[in-house]
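**Q** Below is data37.txt; it holds compact mmCIF, C-alpha atoms.
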```txt
# COMPACT_ATOMS: atom_id res chain seq x y z
CA MET A 1 49.44 37.20 -5.08
CA THR A 2 47.54 36.21 -8.26
CA THR A 3 44.03 37.63 -8.60
CA ALA A 4 41.34 34.94 -8.68
CA THR A 5 39.79 34.52 -12.11
CA PHE A 6 36.08 33.87 -12.71
CA LEU A 7 35.56 32.27 -16.13
CA TYR A 8 32.19 32.47 -17.89
CA LYS A 9 31.44 29.96 -20.67
CA SER A 10 27.92 30.41 -21.98
CA ASP A 11 26.02 32.91 -24.16
CA PRO A 12 28.54 35.74 -24.71
CA VAL A 13 25.82 38.39 -24.99
CA ARG A 14 24.62 37.50 -21.50
CA GLY A 15 28.25 37.21 -20.46
CA ARG A 16 28.82 40.88 -21.16
CA VAL A 17 26.01 41.71 -18.75
CA TRP A 18 27.63 39.47 -16.14
CA ALA A 19 30.94 41.25 -16.76
CA GLU A 20 29.39 44.62 -16.04
CA VAL A 21 27.77 43.37 -12.82
CA PHE A 22 31.10 41.91 -11.67
CA ARG A 23 32.90 45.15 -12.60
CA ARG A 24 30.50 47.17 -10.45
CA GLN A 25 30.11 44.83 -7.50
CA ALA A 26 33.30 42.75 -7.40
CA PRO A 27 36.11 44.66 -9.14
CA ASP A 28 38.71 42.56 -7.31
CA ILE A 29 37.69 39.46 -9.34
CA ASP A 30 39.26 38.98 -12.77
CA PHE A 31 36.12 38.20 -14.82
CA ARG A 32 36.73 36.61 -18.22
CA ILE A 33 34.53 35.26 -21.00
CA TRP A 34 35.54 32.02 -22.76
CA PRO A 35 37.73 31.42 -24.70
CA ASP A 36 39.76 34.14 -22.98
CA VAL A 37 41.08 32.36 -19.86
CA GLY A 38 43.83 34.87 -19.16
CA ASP A 39 47.58 34.34 -19.07
CA ASP A 40 47.44 31.83 -16.22
CA PRO A 41 44.75 29.10 -16.35
CA ALA A 42 45.85 28.07 -12.85
CA ALA A 43 44.33 31.35 -11.62
CA VAL A 44 40.84 30.22 -12.65
CA ARG A 45 39.08 29.53 -9.36
CA PHE A 46 35.45 29.72 -10.49
CA LEU A 47 33.71 28.60 -13.67
CA ALA A 48 30.14 29.32 -14.80
CA ALA A 49 29.08 27.24 -17.78
CA TRP A 50 26.25 25.41 -19.48
CA THR A 51 28.73 22.90 -20.90
CA PRO A 52 32.16 23.02 -19.26
CA PRO A 53 35.35 22.65 -21.30
CA ASP A 54 36.80 19.17 -21.60
CA ASP A 55 39.17 17.95 -18.90
CA ILE A 56 38.68 20.87 -16.56
CA ALA A 57 40.77 19.21 -13.84
CA THR A 58 43.86 19.52 -16.05
CA ARG A 59 42.92 22.82 -17.68
CA PHE A 60 42.11 24.55 -14.40
CA PRO A 61 43.94 22.72 -11.61
CA ASN A 62 42.86 25.20 -8.92
CA LEU A 63 39.17 25.34 -9.79
CA GLN A 64 37.11 25.61 -6.60
CA VAL A 65 33.46 25.83 -7.77
CA LEU A 66 31.54 25.02 -10.95
CA PHE A 67 28.35 27.05 -11.42
CA SER A 68 25.65 26.05 -13.89
CA SER A 69 24.55 29.03 -15.95
CA GLY A 70 21.00 27.61 -15.92
CA ALA A 71 18.59 25.99 -13.50
CA GLY A 72 19.50 22.43 -14.49
CA VAL A 73 22.67 20.39 -14.12
CA ASP A 74 21.62 17.32 -16.14
CA GLN A 75 23.77 18.59 -19.02
CA PHE A 76 26.90 17.97 -16.91
CA ASP A 77 28.82 14.70 -17.15
CA PHE A 78 29.56 14.28 -13.46
CA ASP A 79 31.93 11.38 -14.17
CA ALA A 80 34.16 13.81 -16.05
CA LEU A 81 34.26 16.32 -13.19
CA PRO A 82 36.67 16.20 -10.24
CA PRO A 83 34.83 14.23 -7.51
CA ALA A 84 35.29 16.87 -4.81
CA LEU A 85 34.41 19.87 -7.01
CA PRO A 86 31.28 21.63 -5.71
CA VAL A 87 28.63 22.02 -8.42
CA VAL A 88 26.00 24.73 -7.99
CA ARG A 89 22.82 25.10 -10.02
CA MET A 90 21.40 28.52 -10.79
CA VAL A 91 18.86 29.82 -8.28
CA GLU A 92 17.80 33.36 -9.14
CA PRO A 93 14.55 35.37 -9.15
CA GLY A 94 14.26 35.57 -12.95
CA ILE A 95 14.09 31.80 -13.34
CA VAL A 96 11.48 31.48 -10.64
CA GLN A 97 9.28 34.31 -11.88
CA GLY A 98 9.42 33.11 -15.48
CA MET A 99 8.35 29.60 -14.49
CA VAL A 100 5.55 30.89 -12.30
CA GLU A 101 4.23 33.00 -15.18
CA TYR A 102 4.42 30.16 -17.72
CA VAL A 103 2.80 27.48 -15.57
CA THR A 104 0.10 29.81 -14.26
CA HIS A 105 -0.80 30.80 -17.81
CA ALA A 106 -0.88 27.16 -18.92
CA VAL A 107 -3.02 26.05 -15.97
CA LEU A 108 -5.50 28.90 -16.42
CA ASP A 109 -5.65 28.24 -20.17
CA LEU A 110 -6.51 24.59 -19.53
CA HIS A 111 -8.83 25.34 -16.62
CA ARG A 112 -10.95 27.72 -18.71
CA ASP A 113 -11.07 25.34 -21.72
CA ARG A 114 -9.21 27.71 -24.01
CA PRO A 115 -7.77 24.90 -26.19
CA ALA A 116 -11.29 23.62 -26.85
CA TYR A 117 -12.51 27.12 -27.67
CA ARG A 118 -9.63 27.61 -30.11
CA ARG A 119 -10.66 24.43 -31.90
CA GLN A 120 -14.29 25.57 -31.91
CA GLN A 121 -13.28 28.91 -33.39
CA GLN A 122 -11.43 27.15 -36.22
CA ALA A 123 -14.63 25.16 -36.87
CA ALA A 124 -16.83 28.31 -36.64
CA GLU A 125 -18.68 26.68 -33.75
CA TRP A 126 -20.33 28.84 -31.04
CA ARG A 127 -20.86 26.53 -28.05
CA PRO A 128 -20.39 27.56 -24.41
CA LEU A 129 -18.81 24.91 -22.17
CA PRO A 130 -19.58 24.44 -18.46
CA VAL A 131 -17.49 26.75 -16.28
CA LYS A 132 -15.76 25.40 -13.18
CA MET A 133 -14.40 27.48 -10.33
CA ALA A 134 -10.70 27.18 -9.57
CA ARG A 135 -11.45 25.56 -6.21
CA GLU A 136 -13.08 22.69 -8.15
CA ARG A 137 -9.96 22.05 -10.24
CA ARG A 138 -7.27 19.84 -8.72
CA VAL A 139 -3.74 20.77 -9.74
CA GLY A 140 -0.80 18.52 -8.90
CA VAL A 141 2.86 19.53 -9.17
CA LEU A 142 5.60 16.93 -9.54
CA GLY A 143 8.68 18.37 -7.85
CA LEU A 144 8.74 20.48 -4.70
CA GLY A 145 11.96 22.38 -5.13
CA SER A 146 12.14 26.17 -5.30
CA LEU A 147 10.31 26.28 -8.65
CA GLY A 148 7.58 23.86 -7.64
CA GLN A 149 6.89 25.65 -4.37
CA ALA A 150 6.76 29.06 -6.09
CA VAL A 151 4.32 27.73 -8.71
CA LEU A 152 2.12 26.20 -6.03
CA ALA A 153 2.07 29.45 -4.04
CA GLN A 154 0.72 31.31 -7.08
CA LEU A 155 -1.84 28.64 -7.98
CA LYS A 156 -2.97 28.43 -4.37
CA SER A 157 -3.55 32.22 -4.36
CA LEU A 158 -5.93 31.68 -7.30
CA HIS A 159 -7.83 29.15 -5.15
CA PHE A 160 -6.93 26.00 -7.08
CA ASP A 161 -7.03 22.76 -5.09
CA CYS A 162 -3.27 22.17 -4.95
CA ALA A 163 -1.10 19.15 -4.18
CA GLY A 164 2.55 18.36 -4.66
CA TRP A 165 4.67 15.22 -4.93
CA SER A 166 8.38 14.68 -4.45
CA ARG A 167 10.66 11.78 -3.62
CA SER A 168 11.28 13.09 -0.10
CA GLN A 169 8.77 14.50 2.35
CA HIS A 170 8.00 18.23 2.21
CA SER A 171 5.61 20.51 4.03
CA VAL A 172 4.08 23.39 2.07
CA GLU A 173 1.43 25.58 3.68
CA GLY A 174 -1.99 25.10 2.12
CA VAL A 175 -0.77 22.29 -0.14
CA ARG A 176 -1.38 18.58 0.32
CA CYS A 177 2.04 16.98 0.03
CA PHE A 178 2.75 13.43 -1.09
CA ALA A 179 6.13 11.70 -0.98
CA GLY A 180 7.82 8.67 -2.50
CA ALA A 181 6.63 5.81 -4.63
CA PRO A 182 4.01 4.58 -2.10
CA GLU A 183 2.10 7.88 -2.33
CA LEU A 184 2.45 8.56 -6.06
CA GLN A 185 -0.77 6.78 -7.06
CA ALA A 186 -2.89 8.69 -4.54
CA PHE A 187 -1.37 11.95 -5.78
CA LEU A 188 -2.09 11.13 -9.42
CA GLN A 189 -5.64 9.97 -8.77
CA ARG A 190 -6.58 13.37 -7.31
CA THR A 191 -4.93 15.43 -10.09
CA ASP A 192 -6.88 17.03 -12.97
CA ILE A 193 -3.96 19.12 -14.26
CA LEU A 194 -0.50 17.58 -13.80
CA VAL A 195 2.53 19.89 -13.85
CA CYS A 196 5.96 18.25 -14.18
CA LEU A 197 8.79 20.23 -12.62
CA LEU A 198 11.04 17.31 -11.75
CA PRO A 199 14.80 17.46 -12.32
CA LEU A 200 16.18 15.02 -14.85
CA THR A 201 17.84 12.07 -13.12
CA ASP A 202 18.11 8.36 -13.83
CA ALA A 203 15.00 7.92 -11.68
CA THR A 204 12.91 10.47 -13.62
CA ARG A 205 13.97 9.53 -17.16
CA GLY A 206 10.82 8.15 -18.83
CA PHE A 207 8.78 9.00 -15.72
CA LEU A 208 5.82 10.35 -17.71
CA ASP A 209 4.74 7.07 -19.27
CA ALA A 210 1.67 4.94 -19.90
CA GLN A 211 1.65 3.57 -16.36
CA LEU A 212 1.61 7.07 -14.89
CA PHE A 213 -1.04 8.37 -17.32
CA ALA A 214 -3.29 5.41 -16.48
CA GLN A 215 -3.42 6.55 -12.84
CA LEU A 216 -4.72 10.03 -13.67
CA PRO A 217 -8.46 10.75 -13.89
CA ALA A 218 -9.77 10.30 -17.43
CA GLY A 219 -9.48 13.58 -19.33
CA ALA A 220 -6.65 15.01 -17.23
CA ALA A 221 -4.22 17.54 -18.70
CA LEU A 222 -0.42 17.66 -18.67
CA VAL A 223 1.89 20.68 -18.40
CA HIS A 224 5.45 19.48 -18.95
CA VAL A 225 8.18 21.97 -18.06
CA GLY A 226 10.78 19.57 -16.64
CA ARG A 227 13.08 17.93 -19.19
CA GLY A 228 12.30 16.28 -22.52
CA PRO A 229 13.65 12.78 -21.72
CA GLN A 230 11.16 12.47 -18.84
CA LEU A 231 8.29 12.05 -21.33
CA VAL A 232 7.66 8.89 -23.34
CA ALA A 233 6.29 10.47 -26.52
CA ALA A 234 4.53 7.37 -27.83
CA ASP A 235 2.75 6.87 -24.50
CA LEU A 236 1.49 10.45 -24.51
CA LEU A 237 0.16 10.07 -28.05
CA ASP A 238 -1.63 6.86 -27.03
CA ALA A 239 -3.08 8.52 -23.92
CA LEU A 240 -4.37 11.42 -26.03
CA ALA A 241 -5.92 9.01 -28.55
CA GLN A 242 -7.67 7.13 -25.74
CA GLY A 243 -8.91 10.30 -24.00
CA ARG A 244 -6.92 9.46 -20.87
CA ILE A 245 -5.12 12.76 -21.45
CA ALA A 246 -7.28 15.52 -22.91
CA GLU A 247 -4.67 18.25 -23.47
CA ALA A 248 -0.90 18.63 -23.18
CA VAL A 249 1.28 21.73 -22.93
CA LEU A 250 4.91 20.87 -23.68
CA ASP A 251 7.81 23.26 -23.28
CA VAL A 252 10.44 20.52 -23.40
CA THR A 253 10.87 17.62 -25.81
CA GLU A 254 13.34 14.90 -26.78
CA PRO A 255 15.11 15.80 -28.97
CA GLU A 256 15.17 19.58 -29.07
CA PRO A 257 14.26 20.89 -31.54
CA LEU A 258 11.78 18.28 -32.70
CA PRO A 259 12.47 16.92 -36.18
CA ALA A 260 10.20 17.85 -39.07
CA GLY A 261 7.23 15.53 -39.30
CA HIS A 262 7.13 14.68 -35.60
CA ALA A 263 3.57 13.97 -34.47
CA PHE A 264 3.69 16.66 -31.78
CA TRP A 265 3.95 19.48 -34.36
CA SER A 266 0.46 19.02 -35.76
CA HIS A 267 -1.41 17.32 -32.93
CA PRO A 268 -4.61 19.29 -32.22
CA ARG A 269 -4.40 18.66 -28.47
CA ILE A 270 -0.74 19.51 -27.95
CA GLN A 271 0.57 23.03 -27.44
CA LEU A 272 4.32 23.37 -28.02
CA THR A 273 6.80 26.04 -26.99
CA PRO A 274 10.58 25.86 -27.65
CA HIS A 275 11.95 25.46 -24.11
CA ILE A 276 11.24 29.06 -23.13
CA ALA A 277 9.17 28.61 -19.97
CA SER A 278 11.88 30.10 -17.82
CA MET A 279 15.23 31.66 -18.59
CA THR A 280 17.90 33.15 -16.41
CA GLN A 281 17.98 36.92 -16.42
CA PRO A 282 21.64 37.84 -16.82
CA GLU A 283 21.84 40.67 -14.28
CA SER A 284 20.04 38.86 -11.46
CA ALA A 285 21.89 35.63 -12.35
CA ALA A 286 25.26 37.37 -11.95
CA GLU A 287 24.11 38.87 -8.66
CA ALA A 288 22.98 35.44 -7.45
CA VAL A 289 26.40 33.97 -8.27
CA LEU A 290 28.14 36.85 -6.49
CA GLY A 291 26.00 36.10 -3.44
CA ASN A 292 27.18 32.50 -3.56
CA LEU A 293 30.79 33.58 -3.94
CA ARG A 294 30.43 35.62 -0.75
CA ARG A 295 28.91 32.60 1.02
CA PHE A 296 31.75 30.40 -0.24
CA ALA A 297 34.37 32.86 1.00
CA ALA A 298 32.67 32.94 4.42
CA GLY A 299 32.51 29.16 4.64
CA GLN A 300 28.71 29.17 4.40
CA ALA A 301 26.47 26.83 2.38
CA MET A 302 25.87 28.01 -1.17
CA GLU A 303 22.32 28.21 -2.53
CA GLY A 304 21.70 25.55 -5.17
CA LEU A 305 24.57 23.29 -4.13
CA VAL A 306 24.03 19.98 -5.93
CA ASP A 307 23.84 16.66 -4.13
CA ARG A 308 25.65 14.45 -6.64
CA ALA A 309 24.05 11.29 -5.26
CA ARG A 310 20.62 12.68 -6.16
CA GLY A 311 21.68 14.51 -9.31
CA TYR A 312 20.16 17.85 -8.27
```
With the file now loaded, output its structure as structure tokens.

**A**
Amino acid sequence: MTTATFLYKSDPVRGRVWAEVFRRQAPDIDFRIWPDVGDDPAAVRFLAAWTPPDDIATRFPNLQVLFSSGAGVDQFDFDALPPALPVVRMVEPGIVQGMVEYVTHAVLDLHRDRPAYRRQQQAAEWRPLPVKMARERRVGVLGLGSLGQAVLAQLKSLHFDCAGWSRSQHSVEGVRCFAGAPELQAFLQRTDILVCLLPLTDATRGFLDAQLFAQLPAGAALVHVGRGPQLVAADLLDALAQGRIAEAVLDVTEPEPLPAGHAFWSHPRIQLTPHIASMTQPESAAEAVLGNLRRFAAGQAMEGLVDRARGY
């Protein structure tokens, strides 16, 4: 009987960590790093990739599961994948913890007026600003998946007034939850700091636009850690110029990296980071995938299984 092959096609440095985890915990699996697919491509049962090889149905006729090596799956062309192939996004503690750290830092930075104080320092201006308590600051999170709920749990522990919005109804303890298009306006109107953690789908492309910004309280702030194509750049620049948005923290842009001369680089009210808010940690990522392989073998639901109709 041919040993099942697990093929990894992503950062090879991280792949070597995965290989060691598989060697220790699942020595019966033939773990290989692309482009080494072994002598028999038909033995490849599992593939972890950020961008899969072309024509995987022909290359790997017995492929049973495609794992994303990151939290998103918007980089996959689902039309090019076999229709019945299960696709699983990465759900692992390193991604969650990294996002919680990044968003918490950004929210606290905005809450305590640190961007304004940095500008004052550059102008040699000593001027205290009024201090608000966290309970007086209304934070709203777009997206109530595992990342959104973890972020809200941390912000709630710091006593921020927290709310969340998603397309479907959720219930999160201590958080006011809004759902669907009919409740979006009410959610936005009560939000001083807006955090975008939505997945990228056809419905969320261009979601952060002038119409949305106009429904926020004047002087609101944006923390964007979803995906670059969700933000209409020109609309954000207009909102900043009008004072509708006071500050923006952007970890994702369209394109990435931004071209030289883009207005975001030098804007005094935009803080940029190069898509580093959260990254998979290779050891815990490999362990998370092994957990899903065990669930798959037992006929159980895998964590992070993608609903293709929704795109996440």

**Q** So the first atom is CA of Arg119 (chain A) and the second is CA of Arg269 (chain A); what is the distance between them in Å, to one decimal place?

**A**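 For CA of Arg119 (chain A) relative to CA of Arg269 (chain A), the distance reads 9.2 Å.
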
**Q** Taking into account all atoms listed in the file, which residue in the set A:Leu129, A:Arg308, A:Gln242, A:Asp113 is nearest to Leu81 (chain A)?

**A** A:Arg308

**Q** Which value, in Å to one decimal, gives the distance between CA of Gly164 (chain A) and CA of Leu188 (chain A)?

**A** 9.8 Å

**Q** Which is closer to Ala4 (chain A) than all the others in A:Ile245, A:Arg24, A:Gln281, A:Leu293, using all atoms listed in the file?

**A**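 Closest residue, counting all atoms listed in the file: A:Leu293.
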
**Q** Counting only C-alpha atoms, which of A:Ala277, A:Met99, A:Cys196, A:Ala203 gets nearest to Gly311 (chain A)?

**A** A:Ala203

**Q** Have a look at A:Glu183, A:Asp40, A:Asp192, A:Asp209 and name the one nearest to Gln169 (chain A); count only C-alpha atoms.

**A**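 Looking at the shortest contact to Gln169 (chain A), the residue is A:Glu183.
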
**Q** When you look at region 177-179 of chain A with a cut-off of 8 Å (counting only C-alpha atoms), what residues show up, excluding the ones that are within fewer than 5 positions of it in the same chain? I need them as a PyMOL selection string.

**A** chain A and resi 163-172+184+187

**Q** One decimal, in Å: what's the spacing between CA of Gln149 (chain A) and CA of Phe76 (chain A)?

**A**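 Straight-line distance from CA of Gln149 (chain A) to CA of Phe76 (chain A) works out to 24.8 Å.
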
**Q** Which residue, A:Arg118, A:Arg45, A:His105, A:Arg227, has the smallest gap to Pro86 (chain A) when you use only C-alpha atoms?

**A**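 Distance minimum relative to Pro86 (chain A) lands on A:Arg45.
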
**Q** Counting all atoms listed in the file, which residue out of A:Asp74, A:Asp39, A:Asp79, A:Asp238 sits closest to Thr204 (chain A)?

**A**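 Checking each of A:Asp74, A:Asp39, A:Asp79, A:Asp238 against Thr204 (chain A), counting all atoms listed in the file, the winner is A:Asp74.
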
**Q** Which residues are near Leu236 (chain A)? Cut-off 12 Å, only C-alpha atoms, ignore same chain within fewer than 6 positions. Put them as a ChimeraX atom specification.

**A** /A:206-214,220-224,230,242-250,253,263-264,267,269-270

**Q** Set the distance at 9 Å and use all atoms listed in the file: which residues neighbour Gly145 (chain A) once local chain neighbours fewer than 2 positions away are removed? I'd like the list as a PyMOL selection string.

**A** chain A and resi 143+147-150+166+197-198

**Q** Could you write out that same residue set with C-alpha atoms as an mmCIF file, keeping the file's coordinate frame?

**A**
```cif
data_model
loop_
_atom_site.group_PDB
_atom_site.id
_atom_site.type_symbol
_atom_site.label_atom_id
_atom_site.label_comp_id
_atom_site.auth_asym_id
_atom_site.auth_seq_id
_atom_site.Cartn_x
_atom_site.Cartn_y
_atom_site.Cartn_z
ATOM 1 C CA GLY A 143 8.680 18.370 -7.850
ATOM 2 C CA LEU A 147 10.310 26.280 -8.650
ATOM 3 C CA GLY A 148 7.580 23.860 -7.640
ATOM 4 C CA GLN A 149 6.890 25.650 -4.370
ATOM 5 C CA ALA A 150 6.760 29.060 -6.090
ATOM 6 C CA SER A 166 8.380 14.680 -4.450
ATOM 7 C CA LEU A 197 8.790 20.230 -12.620
ATOM 8 C CA LEU A 198 11.040 17.310 -11.750
#
```

**Q** Residues at most 12 Å from Glu20 (chain A), counting all atoms listed in the file, excluding those fewer than 5 positions away in the same chain, as a PDB file with C-alpha atoms, in the frame of the given file?

**A**
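That gives us selection_6.pdb:
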```
ATOM      1  CA  VAL A  13      25.820  38.390 -24.990  1.00  0.00           C
ATOM      2  CA  ARG A  14      24.620  37.500 -21.500  1.00  0.00           C
ATOM      3  CA  GLY A  15      28.250  37.210 -20.460  1.00  0.00           C
ATOM      4  CA  GLN A  25      30.110  44.830  -7.500  1.00  0.00           C
ATOM      5  CA  ALA A  26      33.300  42.750  -7.400  1.00  0.00           C
ATOM      6  CA  PRO A  27      36.110  44.660  -9.140  1.00  0.00           C
ATOM      7  CA  ILE A  29      37.690  39.460  -9.340  1.00  0.00           C
ATOM      8  CA  ASP A  30      39.260  38.980 -12.770  1.00  0.00           C
ATOM      9  CA  PHE A  31      36.120  38.200 -14.820  1.00  0.00           C
ATOM     10  CA  ARG A  32      36.730  36.610 -18.220  1.00  0.00           C
ATOM     11  CA  ILE A  33      34.530  35.260 -21.000  1.00  0.00           C
ATOM     12  CA  PRO A 282      21.640  37.840 -16.820  1.00  0.00           C
ATOM     13  CA  GLU A 283      21.840  40.670 -14.280  1.00  0.00           C
ATOM     14  CA  SER A 284      20.040  38.860 -11.460  1.00  0.00           C
ATOM     15  CA  ALA A 286      25.260  37.370 -11.950  1.00  0.00           C
ATOM     16  CA  GLU A 287      24.110  38.870  -8.660  1.00  0.00           C
TER      17      GLU A 287
END
```

**Q** Find the spatial neighbours of Tyr312 (chain A), counting only C-alpha atoms, within a cut-off of 8 Å - ignore same-chain residues fewer than 6 positions away - and output them as a VMD selection string.

**A** chain A and resid 72 to 73 89 199 201 306

**Q** Around (32.9, 18.8, -19.7) in the file's own coordinates, what residues are found within 9 Å if you use all atoms listed in the file, given back as a tab-separated table (two decimals) with C-alpha atoms, in the coordinates of the input?

**A**
```
chain	number	residue	atom	x	y	z
A	51	THR	CA	28.73	22.90	-20.90
A	52	PRO	CA	32.16	23.02	-19.26
A	53	PRO	CA	35.35	22.65	-21.30
A	54	ASP	CA	36.80	19.17	-21.60
A	55	ASP	CA	39.17	17.95	-18.90
A	56	ILE	CA	38.68	20.87	-16.56
A	76	PHE	CA	26.90	17.97	-16.91
A	77	ASP	CA	28.82	14.70	-17.15
A	78	PHE	CA	29.56	14.28	-13.46
A	80	ALA	CA	34.16	13.81	-16.05
A	81	LEU	CA	34.26	16.32	-13.19
```

**Q** Could you write region 171-195 of chain A of the block just shown to a file containing N, CA and C atoms, as a tab-separated table (two decimals), in the first residue's frame?

**A**
```tsv
chain	number	residue	atom	x	y	z
A	171	SER	N	-23.79	35.69	18.72
A	171	SER	CA	-23.97	36.10	20.12
A	171	SER	C	-22.62	36.00	20.81
A	172	VAL	N	-22.12	37.13	21.29
A	172	VAL	CA	-20.83	37.18	21.97
A	172	VAL	C	-21.04	37.84	23.32
A	173	GLU	N	-20.66	37.15	24.37
A	173	GLU	CA	-20.91	37.64	25.73
A	173	GLU	C	-20.28	39.02	25.95
A	174	GLY	N	-21.07	39.95	26.44
A	174	GLY	CA	-20.57	41.27	26.76
A	174	GLY	C	-20.38	42.17	25.56
A	175	VAL	N	-20.81	41.73	24.38
A	175	VAL	CA	-20.63	42.49	23.15
A	175	VAL	C	-21.99	42.67	22.48
A	176	ARG	N	-22.30	43.89	22.10
A	176	ARG	CA	-23.53	44.14	21.36
A	176	ARG	C	-23.33	43.72	19.92
A	177	CYS	N	-24.11	42.77	19.46
A	177	CYS	CA	-23.91	42.20	18.12
A	177	CYS	C	-24.97	42.70	17.15
A	178	PHE	N	-24.52	43.09	15.98
A	178	PHE	CA	-25.37	43.53	14.89
A	178	PHE	C	-25.20	42.56	13.73
A	179	ALA	N	-26.23	42.44	12.89
A	179	ALA	CA	-26.14	41.49	11.79
A	179	ALA	C	-26.82	42.02	10.54
A	180	GLY	N	-26.20	41.76	9.39
A	180	GLY	CA	-26.81	42.04	8.11
A	180	GLY	C	-26.89	43.51	7.74
A	181	ALA	N	-27.25	43.74	6.50
A	181	ALA	CA	-27.34	45.11	5.98
A	181	ALA	C	-28.30	46.00	6.77
A	182	PRO	N	-29.45	45.49	7.25
A	182	PRO	CA	-30.37	46.37	7.97
A	182	PRO	C	-29.80	46.96	9.26
A	183	GLU	N	-28.81	46.28	9.85
A	183	GLU	CA	-28.27	46.74	11.14
A	183	GLU	C	-26.90	47.38	11.02
A	184	LEU	N	-26.38	47.50	9.78
A	184	LEU	CA	-25.04	48.06	9.60
A	184	LEU	C	-24.98	49.53	10.01
A	185	GLN	N	-25.97	50.31	9.63
A	185	GLN	CA	-25.95	51.74	9.94
A	185	GLN	C	-25.93	51.98	11.44
A	186	ALA	N	-26.77	51.26	12.18
A	186	ALA	CA	-26.81	51.44	13.63
A	186	ALA	C	-25.47	51.07	14.26
A	187	PHE	N	-24.84	50.04	13.73
A	187	PHE	CA	-23.52	49.64	14.22
A	187	PHE	C	-22.49	50.74	13.97
A	188	LEU	N	-22.49	51.29	12.76
A	188	LEU	CA	-21.51	52.32	12.42
A	188	LEU	C	-21.73	53.59	13.22
A	189	GLN	N	-22.96	53.96	13.44
A	189	GLN	CA	-23.26	55.21	14.13
A	189	GLN	C	-22.79	55.20	15.58
A	190	ARG	N	-22.62	54.01	16.17
A	190	ARG	CA	-22.18	53.94	17.57
A	190	ARG	C	-20.69	53.59	17.69
A	191	THR	N	-19.93	53.72	16.59
A	191	THR	CA	-18.54	53.26	16.58
A	191	THR	C	-17.56	54.42	16.45
A	192	ASP	N	-16.69	54.58	17.47
A	192	ASP	CA	-15.64	55.61	17.43
A	192	ASP	C	-14.36	55.09	16.78
A	193	ILE	N	-14.05	53.81	17.02
A	193	ILE	CA	-12.89	53.17	16.40
A	193	ILE	C	-13.40	51.93	15.68
A	194	LEU	N	-13.27	51.91	14.36
A	194	LEU	CA	-13.77	50.81	13.53
A	194	LEU	C	-12.62	49.89	13.17
A	195	VAL	N	-12.77	48.61	13.47
A	195	VAL	CA	-11.77	47.59	13.15
A	195	VAL	C	-12.35	46.68	12.08
```
